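What follows is a set of notes on a single structure, which appears directly below.
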Amino acid sequence: MALTIAEVEHVALLARLSLSQEEKEQMAEQLGAILEYADRLKMVNTEDIEPLDNILPISNVFREDVVENSPERDEMLANAPMAEDGQYKVPKIL
């Protein structure tokens, strides 16, 4: 499917590209080749092929949720650099 220079100019305008006449001719040839390849792909028989959402066999990789007892507040605050009234204390940021 060959593209005309007018179609290339339209695409260049949409892409905000400034092309010389030589570049327009080159783009017409290259874009035409891409469109011909896409047309060839339409001829491939994909009737018995299942659609894919991923090419790799990926399964759920998340761990199971397990209910556990949390450490006591005093244990957690023991490692804090600063604590006050049962809470972490941080420097004021302005």
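Quick note on naming: the chains in the structure tokens go A, B, ... in the order shown, residues restart at 1 in each chain, and ligands are numbered from 1 in order of appearance.
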Go through chain A and collect every residue that DSSP, computed from the backbone, puts in strand (DSSP E or B); the answer should be as a list in words.
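Output for chain A, strand (DSSP E or B) only: Ala83, Glu84, Gln87 and Tyr88 of chain A.
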Generate a file of the selected residues that holds N, CA and C atoms, formatted as an mmCIF file, in the first residue's frame.
```
data_model
loop_
_atom_site.group_PDB
_atom_site.id
_atom_site.type_symbol
_atom_site.label_atom_id
_atom_site.label_comp_id
_atom_site.auth_asym_id
_atom_site.auth_seq_id
_atom_site.Cartn_x
_atom_site.Cartn_y
_atom_site.Cartn_z
ATOM 1 N N ALA A 83 10.888 8.478 71.130
ATOM 2 C CA ALA A 83 9.495 8.102 71.365
ATOM 3 C C ALA A 83 8.973 8.965 72.503
ATOM 4 N N GLU A 84 7.662 9.265 72.430
ATOM 5 C CA GLU A 84 7.048 10.084 73.475
ATOM 6 C C GLU A 84 5.582 9.722 73.561
ATOM 7 N N GLN A 87 4.264 6.990 71.208
ATOM 8 C CA GLN A 87 4.266 7.267 69.769
ATOM 9 C C GLN A 87 5.697 7.567 69.333
ATOM 10 N N TYR A 88 5.933 7.391 68.021
ATOM 11 C CA TYR A 88 7.218 7.779 67.478
ATOM 12 C C TYR A 88 7.293 9.295 67.469
#
```
Apply DSSP to the structure's backbone, then extract all residues of chain A labelled helix (DSSP H, G or I) and return them as a PyMOL selection string.
chain A and resi 5-14+21-42+73-77
Output C-alpha atoms of each residue in that selection to a file, as a short mmCIF file (atom, residue, chain, number, x, y, z; two decimals), in the first residue's frame.
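Result file is again38.cif:
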```cif
data_model
loop_
_atom_site.label_atom_id
_atom_site.label_comp_id
_atom_site.auth_asym_id
_atom_site.auth_seq_id
_atom_site.Cartn_x
_atom_site.Cartn_y
_atom_site.Cartn_z
CA ILE A 5 3.19 12.61 -0.62
CA ALA A 6 -0.01 14.37 0.50
CA GLU A 7 -0.67 11.60 3.06
CA VAL A 8 2.91 11.85 4.33
CA GLU A 9 2.55 15.63 4.61
CA HIS A 10 -0.66 15.12 6.61
CA VAL A 11 1.04 12.68 9.00
CA ALA A 12 4.02 15.04 9.31
CA LEU A 13 1.66 17.90 10.14
CA LEU A 14 -0.03 15.82 12.85
CA GLN A 21 10.85 16.85 -0.21
CA GLU A 22 13.49 14.09 -0.16
CA GLU A 23 12.48 13.06 3.36
CA LYS A 24 8.79 13.03 2.35
CA GLU A 25 9.56 10.66 -0.52
CA GLN A 26 11.65 8.45 1.78
CA MET A 27 8.90 8.41 4.44
CA ALA A 28 6.27 7.56 1.81
CA GLU A 29 8.34 4.54 0.80
CA GLN A 30 9.09 3.41 4.37
CA LEU A 31 5.56 3.92 5.72
CA GLY A 32 4.17 2.16 2.66
CA ALA A 33 6.41 -0.84 3.39
CA ILE A 34 5.19 -0.92 7.00
CA LEU A 35 1.56 -0.86 5.89
CA GLU A 36 2.20 -3.63 3.35
CA TYR A 37 3.71 -5.77 6.10
CA ALA A 38 0.65 -5.13 8.30
CA ASP A 39 -1.57 -6.25 5.40
CA ARG A 40 0.46 -9.45 5.09
CA LEU A 41 -0.10 -10.12 8.80
CA LYS A 42 -3.86 -9.94 8.21
CA ARG A 73 3.75 -1.28 71.37
CA ASP A 74 6.60 -1.08 73.87
CA GLU A 75 8.61 -3.65 71.87
CA MET A 76 8.18 -1.63 68.69
CA LEU A 77 9.03 1.67 70.32
#
```
Would you compute the distance between atom CA of A:Pro91 and atom CA of A:Pro71? Give it in Å to one decimal.
24.8 Å
